[in-house]
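Chemist: Sharing query_38.txt here; it has compact mmCIF, C-alpha atoms.
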# COMPACT_ATOMS: atom_id res chain seq x y z
CA MET A 1 0.00 0.00 0.00
CA ALA A 2 1.30 3.47 -0.87
CA ALA A 3 1.99 5.76 2.07
CA SER A 4 -0.96 8.01 2.85
CA LEU A 5 -0.68 11.70 2.07
CA LEU A 6 -0.53 12.39 5.80
CA ASP A 7 2.45 10.03 6.19
CA GLN A 8 4.10 11.61 3.16
CA LEU A 9 3.62 15.06 4.69
CA MET A 10 5.16 13.93 7.99
CA SER A 11 8.16 12.35 6.31
CA SER A 12 8.70 15.34 3.99
CA LEU A 13 8.66 17.74 6.95
CA ARG A 14 11.68 15.90 8.32
CA CYS A 15 13.88 17.49 5.65
CA LEU A 16 13.71 20.65 7.80
CA PRO A 17 16.68 20.96 10.18
CA GLY A 18 15.89 20.09 13.78
CA VAL A 19 12.61 18.37 12.92
CA GLY A 20 12.31 14.73 13.98
CA ALA A 21 9.41 12.30 13.82
CA LYS A 22 7.52 13.81 16.78
CA SER A 23 7.82 17.44 15.64
CA ALA A 24 6.89 16.48 12.07
CA GLN A 25 3.75 14.78 13.36
CA ARG A 26 2.87 17.79 15.47
CA MET A 27 3.43 20.14 12.54
CA ALA A 28 1.36 18.06 10.12
CA TYR A 29 -1.60 17.83 12.51
CA HIS A 30 -1.32 21.50 13.39
CA LEU A 31 -1.48 22.58 9.75
CA LEU A 32 -4.31 20.21 8.85
CA GLU A 33 -6.42 20.84 11.93
CA ARG A 34 -5.80 24.48 12.66
CA ASP A 35 -3.98 26.34 9.90
CA ARG A 36 -4.68 25.09 6.40
CA GLU A 37 -4.44 28.62 5.04
CA GLY A 38 -0.94 28.98 6.52
CA GLY A 39 0.01 25.59 5.10
CA ARG A 40 -1.22 26.53 1.63
CA ARG A 41 0.66 29.81 1.73
CA LEU A 42 3.85 28.17 3.01
CA ALA A 43 3.68 25.51 0.28
CA ALA A 44 3.27 28.16 -2.42
CA VAL A 45 6.06 30.41 -1.13
CA MET A 46 8.39 27.45 -0.64
CA ALA A 47 7.85 26.14 -4.18
CA LYS A 48 8.43 29.62 -5.58
CA ALA A 49 11.53 30.21 -3.44
CA MET A 50 13.13 26.88 -4.43
CA GLN A 51 12.50 27.79 -8.05
CA GLN A 52 13.37 31.47 -8.20
CA ILE A 53 16.06 32.17 -5.61
CA GLY A 54 19.45 31.74 -7.21
CA HIS A 55 22.85 33.17 -6.45
CA CYS A 56 24.16 36.68 -7.06
CA GLN A 57 26.51 36.63 -10.06
CA ARG A 58 28.94 38.88 -8.28
CA CYS A 59 29.08 37.92 -4.59
CA ARG A 60 27.39 34.49 -4.71
CA THR A 61 24.90 35.16 -1.91
CA LEU A 62 21.27 34.06 -2.32
CA SER A 63 19.38 36.43 -4.60
CA GLU A 64 16.31 36.52 -6.78
CA GLN A 65 18.02 38.85 -9.24
CA GLU A 66 21.28 38.43 -11.13
CA LEU A 67 22.81 40.99 -8.79
CA CYS A 68 21.84 41.07 -5.13
CA GLN A 69 20.70 44.29 -3.45
CA ILE A 70 24.06 44.87 -1.84
CA CYS A 71 26.05 44.38 -5.07
CA SER A 72 23.72 46.64 -7.04
CA SER A 73 23.64 49.36 -4.38
CA LYS A 74 25.54 52.55 -5.18
CA LYS A 75 25.81 53.46 -1.50
CA ARG A 76 28.18 50.69 -0.47
CA ASP A 77 31.91 51.17 -0.11
CA SER A 78 33.47 49.40 -3.08
CA HIS A 79 36.98 49.52 -1.58
CA LEU A 80 36.06 47.00 1.09
CA ILE A 81 35.09 43.36 0.67
CA CYS A 82 34.22 40.92 3.44
CA VAL A 83 34.62 37.20 2.73
CA VAL A 84 32.19 34.89 4.55
CA GLU A 85 31.40 31.21 4.26
CA THR A 86 27.60 31.25 3.91
CA PRO A 87 24.70 33.58 3.03
CA SER A 88 23.36 33.24 6.58
CA GLU A 89 26.67 34.56 7.97
CA LEU A 90 26.37 37.50 5.57
CA ALA A 91 22.88 38.11 7.00
CA VAL A 92 24.21 38.01 10.59
CA ILE A 93 26.86 40.63 9.82
CA GLU A 94 24.42 42.76 7.84
CA ASN A 95 21.84 42.68 10.64
CA SER A 96 24.12 43.25 13.58
CA ILE A 97 26.87 45.68 12.65
CA ASP A 98 27.17 48.82 10.61
CA TYR A 99 29.32 47.41 7.83
CA ARG A 100 29.00 49.34 4.57
CA GLY A 101 31.35 47.45 2.24
CA HIS A 102 30.69 44.56 -0.13
CA TYR A 103 30.74 40.81 0.46
CA PHE A 104 31.91 37.62 -1.12
CA VAL A 105 30.19 34.37 -0.15
CA LEU A 106 32.28 31.21 -0.50
CA GLY A 107 29.47 28.74 0.10
CA GLY A 108 31.78 26.58 2.21
CA ARG A 109 35.46 26.29 3.12
CA LEU A 110 38.45 24.60 1.58
CA SER A 111 38.30 20.92 2.37
CA PRO A 112 40.21 18.77 -0.14
CA ILE A 113 39.05 15.58 1.56
CA ASP A 114 35.44 16.47 0.67
CA GLY A 115 36.43 17.54 -2.83
CA ILE A 116 35.99 21.24 -2.05
CA GLY A 117 38.78 23.20 -3.70
CA PRO A 118 39.22 26.85 -4.81
CA ARG A 119 36.93 26.33 -7.83
CA GLU A 120 33.99 25.10 -5.70
CA LEU A 121 34.28 28.22 -3.54
CA GLY A 122 34.23 30.49 -6.58
CA LEU A 123 37.71 31.82 -5.86
CA ASP A 124 38.24 32.40 -9.61
CA LEU A 125 35.37 34.90 -9.37
CA LEU A 126 36.99 36.50 -6.33
CA ALA A 127 40.30 36.71 -8.23
CA VAL A 128 38.55 38.64 -11.01
CA ARG A 129 37.25 41.13 -8.45
CA LEU A 130 40.65 41.53 -6.86
CA GLU A 131 42.08 42.18 -10.36
CA GLU A 132 39.53 44.97 -10.98
CA GLY A 133 41.66 47.22 -8.81
CA GLU A 134 38.92 48.83 -6.74
CA ILE A 135 39.31 46.71 -3.61
CA GLU A 136 41.73 48.03 -0.99
CA GLU A 137 41.01 45.71 1.91
CA VAL A 138 39.77 42.12 2.18
CA ILE A 139 38.19 41.32 5.55
CA LEU A 140 38.48 37.60 6.22
CA ALA A 141 35.40 36.55 8.20
CA THR A 142 35.55 32.79 7.67
CA ASN A 143 34.81 30.72 10.75
CA ALA A 144 37.44 30.15 13.43
CA THR A 145 37.80 26.46 12.56
CA VAL A 146 40.81 24.70 11.07
CA GLU A 147 39.29 24.72 7.56
CA GLY A 148 38.12 28.31 8.02
CA GLU A 149 41.67 29.36 8.94
CA VAL A 150 43.15 27.48 5.97
CA THR A 151 40.63 29.16 3.67
CA ALA A 152 41.44 32.59 5.14
CA ARG A 153 45.17 31.92 4.64
CA TYR A 154 44.58 30.89 1.00
CA ILE A 155 42.60 34.06 0.25
CA HIS A 156 45.20 36.16 2.10
CA ASP A 157 47.83 34.76 -0.28
CA MET A 158 45.64 35.57 -3.30
CA ALA A 159 45.21 39.16 -2.16
CA ASP A 160 48.79 39.54 -1.03
CA ALA A 161 50.07 38.52 -4.48
CA ARG A 162 48.07 41.47 -5.87
CA GLY A 163 49.30 43.88 -3.21
CA ILE A 164 45.92 44.11 -1.45
CA LYS A 165 45.71 44.37 2.34
CA THR A 166 43.88 41.62 4.23
CA THR A 167 42.52 41.69 7.78
CA ARG A 168 41.12 38.88 9.91
CA ILE A 169 38.25 39.43 12.36
CA ALA A 170 39.48 39.31 15.96
CA GLN A 171 39.38 36.14 18.02
CA GLY A 172 39.05 36.29 21.76
CA VAL A 173 36.64 36.07 24.64
CA PRO A 174 33.01 36.64 23.55
CA MET A 175 30.87 39.32 25.25
CA GLY A 176 29.64 38.03 28.60
CA GLY A 177 32.00 35.08 28.38
CA GLU A 178 33.39 33.98 31.73
CA LEU A 179 37.03 32.92 31.70
CA GLU A 180 36.25 29.86 33.79
CA TYR A 181 34.21 28.33 30.99
CA ILE A 182 36.29 29.34 27.99
CA ASP A 183 38.38 26.79 26.12
CA GLY A 184 42.17 27.00 26.06
CA ALA A 185 42.50 27.78 22.35
CA THR A 186 40.20 30.81 22.64
CA LEU A 187 42.03 31.99 25.74
CA ALA A 188 45.38 31.64 23.97
CA HIS A 189 44.04 33.81 21.12
CA ALA A 190 42.67 36.34 23.59
CA PHE A 191 46.09 36.66 25.29
CA ALA A 192 48.03 36.77 22.01
CA GLY A 193 45.69 39.45 20.64
CA ARG A 194 45.69 41.65 23.77
CA SER A 195 45.72 45.41 23.24
CA ASN A 196 46.44 48.48 25.38
CA PHE A 197 43.70 49.30 27.87
CA MET B 1 9.62 47.72 -1.34
CA ALA B 2 7.94 44.32 -1.31
CA ALA B 3 9.44 41.72 1.01
CA SER B 4 11.96 39.50 -0.76
CA LEU B 5 11.05 35.91 -1.46
CA LEU B 6 13.58 34.84 1.17
CA ASP B 7 11.87 37.03 3.80
CA GLN B 8 8.49 35.69 2.72
CA LEU B 9 9.77 32.13 3.10
CA MET B 10 11.09 32.86 6.60
CA SER B 11 7.86 34.47 7.73
CA SER B 12 5.70 31.71 6.21
CA LEU B 13 7.74 29.03 8.00
CA ARG B 14 6.68 30.59 11.28
CA CYS B 15 3.17 29.18 10.84
CA LEU B 16 4.70 25.85 11.90
CA PRO B 17 4.29 25.16 15.63
CA GLY B 18 7.45 25.71 17.67
CA VAL B 19 9.20 27.64 14.88
CA GLY B 20 10.33 31.16 15.77
CA ALA B 21 12.35 33.72 13.84
CA LYS B 22 15.71 32.00 14.39
CA SER B 23 14.53 28.50 13.45
CA ALA B 24 12.69 29.85 10.41
CA GLN B 25 15.88 31.54 9.24
CA ARG B 26 17.88 28.37 9.79
CA MET B 27 15.28 26.29 7.91
CA ALA B 28 15.12 28.70 4.97
CA TYR B 29 18.89 28.80 4.53
CA HIS B 30 19.18 25.06 4.99
CA LEU B 31 16.63 24.35 2.25
CA LEU B 32 18.08 26.92 -0.16
CA GLU B 33 21.72 26.04 0.40
CA ARG B 34 21.63 22.35 0.99
CA ASP B 35 18.32 20.69 0.20
CA ARG B 36 16.37 22.31 -2.62
CA GLU B 37 15.08 18.93 -3.74
CA GLY B 38 13.67 18.28 -0.26
CA GLY B 39 12.13 21.75 -0.22
CA ARG B 40 10.50 21.21 -3.60
CA ARG B 41 9.11 17.87 -2.51
CA LEU B 42 7.86 19.26 0.80
CA ALA B 43 6.14 22.17 -0.95
CA ALA B 44 4.40 19.83 -3.38
CA VAL B 45 3.28 17.33 -0.72
CA MET B 46 2.12 20.14 1.57
CA ALA B 47 0.03 21.81 -1.14
CA LYS B 48 -1.53 18.46 -2.04
CA ALA B 49 -2.19 17.53 1.59
CA MET B 50 -3.89 20.87 2.38
CA GLN B 51 -6.07 20.35 -0.69
CA GLN B 52 -6.92 16.67 -0.54
CA ILE B 53 -6.98 15.61 3.11
CA GLY B 54 -10.48 16.03 4.46
CA HIS B 55 -12.39 14.37 7.27
CA CYS B 56 -13.88 10.90 7.43
CA GLN B 57 -17.67 11.15 7.04
CA ARG B 58 -18.18 8.61 9.77
CA CYS B 59 -15.61 9.20 12.52
CA ARG B 60 -14.37 12.70 11.57
CA THR B 61 -10.67 11.87 11.67
CA LEU B 62 -8.37 13.17 8.91
CA SER B 63 -8.76 11.12 5.75
CA GLU B 64 -8.18 11.38 2.02
CA GLN B 65 -11.23 9.21 1.31
CA GLU B 66 -14.85 9.68 2.39
CA LEU B 67 -14.36 6.84 4.84
CA CYS B 68 -11.04 6.43 6.66
CA GLN B 69 -9.19 3.12 6.69
CA ILE B 70 -10.42 2.24 10.16
CA CYS B 71 -14.08 2.97 9.39
CA SER B 72 -13.96 1.02 6.14
CA SER B 73 -12.12 -1.96 7.65
CA LYS B 74 -14.16 -5.12 8.15
CA LYS B 75 -11.76 -6.42 10.78
CA ARG B 76 -12.54 -3.88 13.47
CA ASP B 77 -14.92 -4.55 16.33
CA SER B 78 -18.06 -2.56 15.55
CA HIS B 79 -19.43 -2.99 19.09
CA LEU B 80 -16.78 -0.71 20.53
CA ILE B 81 -16.25 3.01 19.91
CA CYS B 82 -13.59 5.19 21.44
CA VAL B 83 -14.22 8.95 21.62
CA VAL B 84 -11.12 11.16 21.39
CA GLU B 85 -10.62 14.89 20.99
CA THR B 86 -8.23 15.04 18.03
CA PRO B 87 -6.92 12.95 15.11
CA SER B 88 -3.44 13.00 16.66
CA GLU B 89 -4.81 11.39 19.84
CA LEU B 90 -6.43 8.72 17.68
CA ALA B 91 -3.00 8.13 16.12
CA VAL B 92 -1.38 7.83 19.56
CA ILE B 93 -3.88 5.17 20.65
CA GLU B 94 -3.67 3.36 17.32
CA ASN B 95 0.14 3.26 17.43
CA SER B 96 0.62 2.30 21.06
CA ILE B 97 -2.05 -0.14 22.12
CA ASP B 98 -3.86 -3.07 20.61
CA TYR B 99 -7.30 -1.48 20.33
CA ARG B 100 -9.49 -3.08 17.66
CA GLY B 101 -12.70 -1.05 17.92
CA HIS B 102 -13.80 2.08 16.10
CA TYR B 103 -13.27 5.74 16.92
CA PHE B 104 -15.10 9.03 16.98
CA VAL B 105 -13.07 12.23 16.75
CA LEU B 106 -14.65 15.31 18.32
CA GLY B 107 -12.15 17.82 16.97
CA GLY B 108 -12.18 19.68 20.30
CA ARG B 109 -14.07 19.73 23.58
CA LEU B 110 -17.21 21.42 24.84
CA SER B 111 -16.38 25.01 25.63
CA PRO B 112 -19.40 27.29 25.47
CA ILE B 113 -17.25 30.36 26.17
CA ASP B 114 -15.40 29.72 22.87
CA GLY B 115 -18.63 28.95 21.05
CA ILE B 116 -17.92 25.22 20.90
CA GLY B 117 -21.13 23.31 21.56
CA PRO B 118 -22.38 19.80 20.74
CA ARG B 119 -22.92 20.69 17.08
CA GLU B 120 -19.31 21.83 16.57
CA LEU B 121 -18.08 18.51 17.94
CA GLY B 122 -20.32 16.53 15.57
CA LEU B 123 -22.29 15.02 18.43
CA ASP B 124 -25.36 14.80 16.15
CA LEU B 125 -23.28 12.40 14.01
CA LEU B 126 -22.31 10.43 17.12
CA ALA B 127 -25.97 10.27 18.15
CA VAL B 128 -26.82 8.70 14.78
CA ARG B 129 -24.18 6.04 15.37
CA LEU B 130 -25.45 5.32 18.85
CA GLU B 131 -28.96 4.95 17.38
CA GLU B 132 -27.75 2.36 14.86
CA GLY B 133 -27.78 -0.19 17.67
CA GLU B 134 -24.45 -1.87 16.97
CA ILE B 135 -22.41 -0.09 19.63
CA GLU B 136 -22.28 -1.76 23.04
CA GLU B 137 -19.61 0.29 24.75
CA VAL B 138 -18.42 3.87 24.42
CA ILE B 139 -14.86 4.40 25.72
CA LEU B 140 -14.43 8.02 26.75
CA ALA B 141 -10.82 9.01 26.04
CA THR B 142 -11.16 12.80 26.16
CA ASN B 143 -8.35 14.57 27.98
CA ALA B 144 -8.24 14.75 31.76
CA THR B 145 -8.98 18.49 31.80
CA VAL B 146 -12.07 20.26 33.08
CA GLU B 147 -13.50 20.66 29.57
CA GLY B 148 -12.52 17.08 28.69
CA GLU B 149 -14.38 15.80 31.75
CA VAL B 150 -17.47 17.90 30.94
CA THR B 151 -17.42 16.58 27.38
CA ALA B 152 -17.09 13.00 28.62
CA ARG B 153 -20.00 13.54 31.01
CA TYR B 154 -22.15 14.95 28.18
CA ILE B 155 -21.44 11.96 25.93
CA HIS B 156 -22.02 9.58 28.84
CA ASP B 157 -25.49 11.08 29.22
CA MET B 158 -26.17 10.69 25.47
CA ALA B 159 -25.18 7.02 25.58
CA ASP B 160 -26.90 6.36 28.89
CA ALA B 161 -30.21 7.67 27.51
CA ARG B 162 -29.93 4.97 24.82
CA GLY B 163 -28.97 2.23 27.31
CA ILE B 164 -25.37 1.99 26.09
CA LYS B 165 -22.52 1.36 28.55
CA THR B 166 -19.78 4.00 28.81
CA THR B 167 -16.31 3.63 30.31
CA ARG B 168 -13.68 6.26 31.07
CA ILE B 169 -9.95 5.60 30.66
CA ALA B 170 -8.24 5.30 34.04
CA GLN B 171 -6.57 8.24 35.72
CA GLY B 172 -3.66 7.75 38.04
CA VAL B 173 0.09 7.76 38.36
CA PRO B 174 1.83 7.45 34.94
CA MET B 175 4.42 4.71 34.34
CA GLY B 176 7.73 5.71 35.90
CA GLY B 177 6.02 8.56 37.75
CA GLU B 178 7.52 9.27 41.15
CA LEU B 179 5.00 10.18 43.84
CA GLU B 180 7.16 13.05 45.03
CA TYR B 181 6.66 14.91 41.78
CA ILE B 182 3.03 14.12 41.10
CA ASP B 183 0.33 16.76 41.56
CA GLY B 184 -2.37 16.40 44.19
CA ALA B 185 -5.28 15.96 41.79
CA THR B 186 -3.60 13.03 40.03
CA LEU B 187 -2.72 11.48 43.37
CA ALA B 188 -6.32 11.84 44.55
CA HIS B 189 -7.50 10.02 41.41
CA ALA B 190 -4.89 7.33 41.89
CA PHE B 191 -6.07 6.69 45.47
CA ALA B 192 -9.77 6.81 44.58
CA GLY B 193 -9.24 4.39 41.69
CA ARG B 194 -7.08 1.90 43.63
CA SER B 195 -7.62 -1.80 42.93
CA ASN B 196 -6.72 -5.09 44.61
CA PHE B 197 -3.06 -6.04 44.32
Would you mind writing the structure in this file as structure tokens?
Modeler:
Amino acid sequence: MAASLLDQLMSSLRCLPGVGAKSAQRMAYHLLERDREGGRRLAAVMAKAMQQIGHCQRCRTLSEQELCQICSSKKRDSHLICVVETPSELAVIENSIDYRGHYFVLGGRLSPIDGIGPRELGLDLLAVRLEEGEIEEVILATNATVEGEVTARYIHDMADARGIKTTRIAQGVPMGGELEYIDGATLAHAFAGRSNF
Amino acid sequence: MAASLLDQLMSSLRCLPGVGAKSAQRMAYHLLERDREGGRRLAAVMAKAMQQIGHCQRCRTLSEQELCQICSSKKRDSHLICVVETPSELAVIENSIDYRGHYFVLGGRLSPIDGIGPRELGLDLLAVRLEEGEIEEVILATNATVEGEVTARYIHDMADARGIKTTRIAQGVPMGGELEYIDGATLAHAFAGRSNF
């Protein structure tokens, strides 16, 4: 017997991150019993989003247009480019600090063992932008993981070869972080990166 | 400016129970960056489910057909009917215990203050089934809340007037429940309902 539509809905909902069998069941019943209109709207928007949202041709973030809003804006500082791993990290920066430069989204980090090399991260595209001559500083905002550091180092070398300055976002103790609970590697970075008070 | 498709997707995802702004963002990025195929499939199944899943004409649970699988099965005991509040409670009973009778799904509980009376719960439909003469026992499995109790009492009276036996599922200490942490009302029920050991 084919799975019922209700079972199909529950199993499809599990493609969402953090949704297991119990949550999927709860979601399916909630939509069917109490919010069919919301379910219909969500289904329509989701289908449209999967279809129409592509990547910006210039910075590779998610975008409905060929150029994202940031890349097509005339108000941004074109001398500054911030390199991040994912579109969601771009959104975090954009929503929390007053950064006015441009971005470049790698879509991952160098990881030869997973077959992710410079080409997969669009570094040829980044090279073209560095060649254009407008960029004066590359801010490396890849994650503070081993692969993130390797990726930052690789991009630093790319920029350095073209005489462009690179900076790396600071590592140290996070706001509200208590020394007692902070790992040794972070603490080592915090000490090494200490500045005058 | 109209909200971008990405923003629309995030806000639509919040119609799911337990999904706030942060989870919705995480889900949207996850689907777009890593599982477009899953997102497409989910959108299609969801649209179809909202459209095609209705209610069983006989027991009012969710069903794609006029009669649900349980109501149309010849193997179920037609002398026994279990009254529950929601389709998900029916699913819980069906999946956890070996109950072979039929069901009736109220879709809520009597709550005059919210405008939910006997008609809204389909009790006219239940009355028809009680009149048919096949049912010998009505198992009242509404929730152990004030409204659930009132609803159970109301249905008991309906069945009693037709000379049909009603039973109420037992209340007491749940499996693994430690007395220290159990509320007084549950404990009172557990003592009142004690049986020979």
Chemist: What's the separation between atom CA of Leu106 of chain A and atom CA of Met158 of chain A, in Å to one decimal place?
Modeler: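 Distance between the two atoms: 14.3 Å.
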Chemist: Specify as an MDAnalysis selection string all residues of chain A found within 9 Å of chain B, counting only C-alpha atoms.
Modeler: chainID A and resid 4:6 8:9 11:13 15:18 23 25:33 35:54 62:64 86:88 107
Chemist: Which protein, DNA or RNA residues are at most 12 Å from (39.8, 33.8, 26.0) in the file's coordinates when you count only C-alpha atoms, listed as a list in words?
Modeler: Ala170, Gln171, Gly172, Val173, Pro174, Met175, Gly176, Gly177, Glu178, Leu179, Glu180, Tyr181, Ile182, Asp183, Gly184, Ala185, Thr186, Leu187, Ala188, His189, Ala190, Phe191, Ala192, Gly193 and Arg194 of chain A
Chemist: Tell me, in Å to one decimal, how far atom CA of Pro112 of chain A is from atom CA of Thr142 of chain A.
Modeler: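 Pair atom CA of Pro112 of chain A / atom CA of Thr142 of chain A returns 16.7 Å.
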Chemist: List as a PyMOL selection string the protein and nucleic acid residues near Thr166 of chain B, meaning an atom at most 8 Å away when all atoms listed in the file are counted, but skip any in the same chain fewer than 2 places from it.
Modeler: chain B and resi 137-140+156+159-160+164+168
Chemist: Next, write the just-selected residues to a file, as a compact mmCIF listing (two decimals), in the coordinates of the input, keeping C-alpha atoms as the atom set.
Modeler:
# COMPACT_ATOMS: atom_id res chain seq x y z
CA GLU B 137 -19.61 0.29 24.75
CA VAL B 138 -18.42 3.87 24.42
CA ILE B 139 -14.86 4.40 25.72
CA LEU B 140 -14.43 8.02 26.75
CA HIS B 156 -22.02 9.58 28.84
CA ALA B 159 -25.18 7.02 25.58
CA ASP B 160 -26.90 6.36 28.89
CA ILE B 164 -25.37 1.99 26.09
CA ARG B 168 -13.68 6.26 31.07
Chemist: Just want the 12 Å neighbourhood of Ile70 of chain B, counted on only C-alpha atoms, with same-chain residues fewer than 6 positions away dropped. Output as a VMD selection string.
Modeler: chain B and resid 56 to 63 76 to 78 81 90 to 91 94 99 to 104
Chemist: Could you check how far atom CA of Cys68 of chain B sits from atom CA of Ala144 of chain B, in Å to one decimal?
Modeler: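 If I compute the distance from atom CA of Cys68 of chain B to atom CA of Ala144 of chain B, I get 26.6 Å.
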Chemist: Considering only C-alpha atoms, state which residue in the set B:Gln69, B:Ile169, B:Asp157, B:Glu147 is at the smallest distance from Ile116 of chain B.
Modeler: B:Glu147
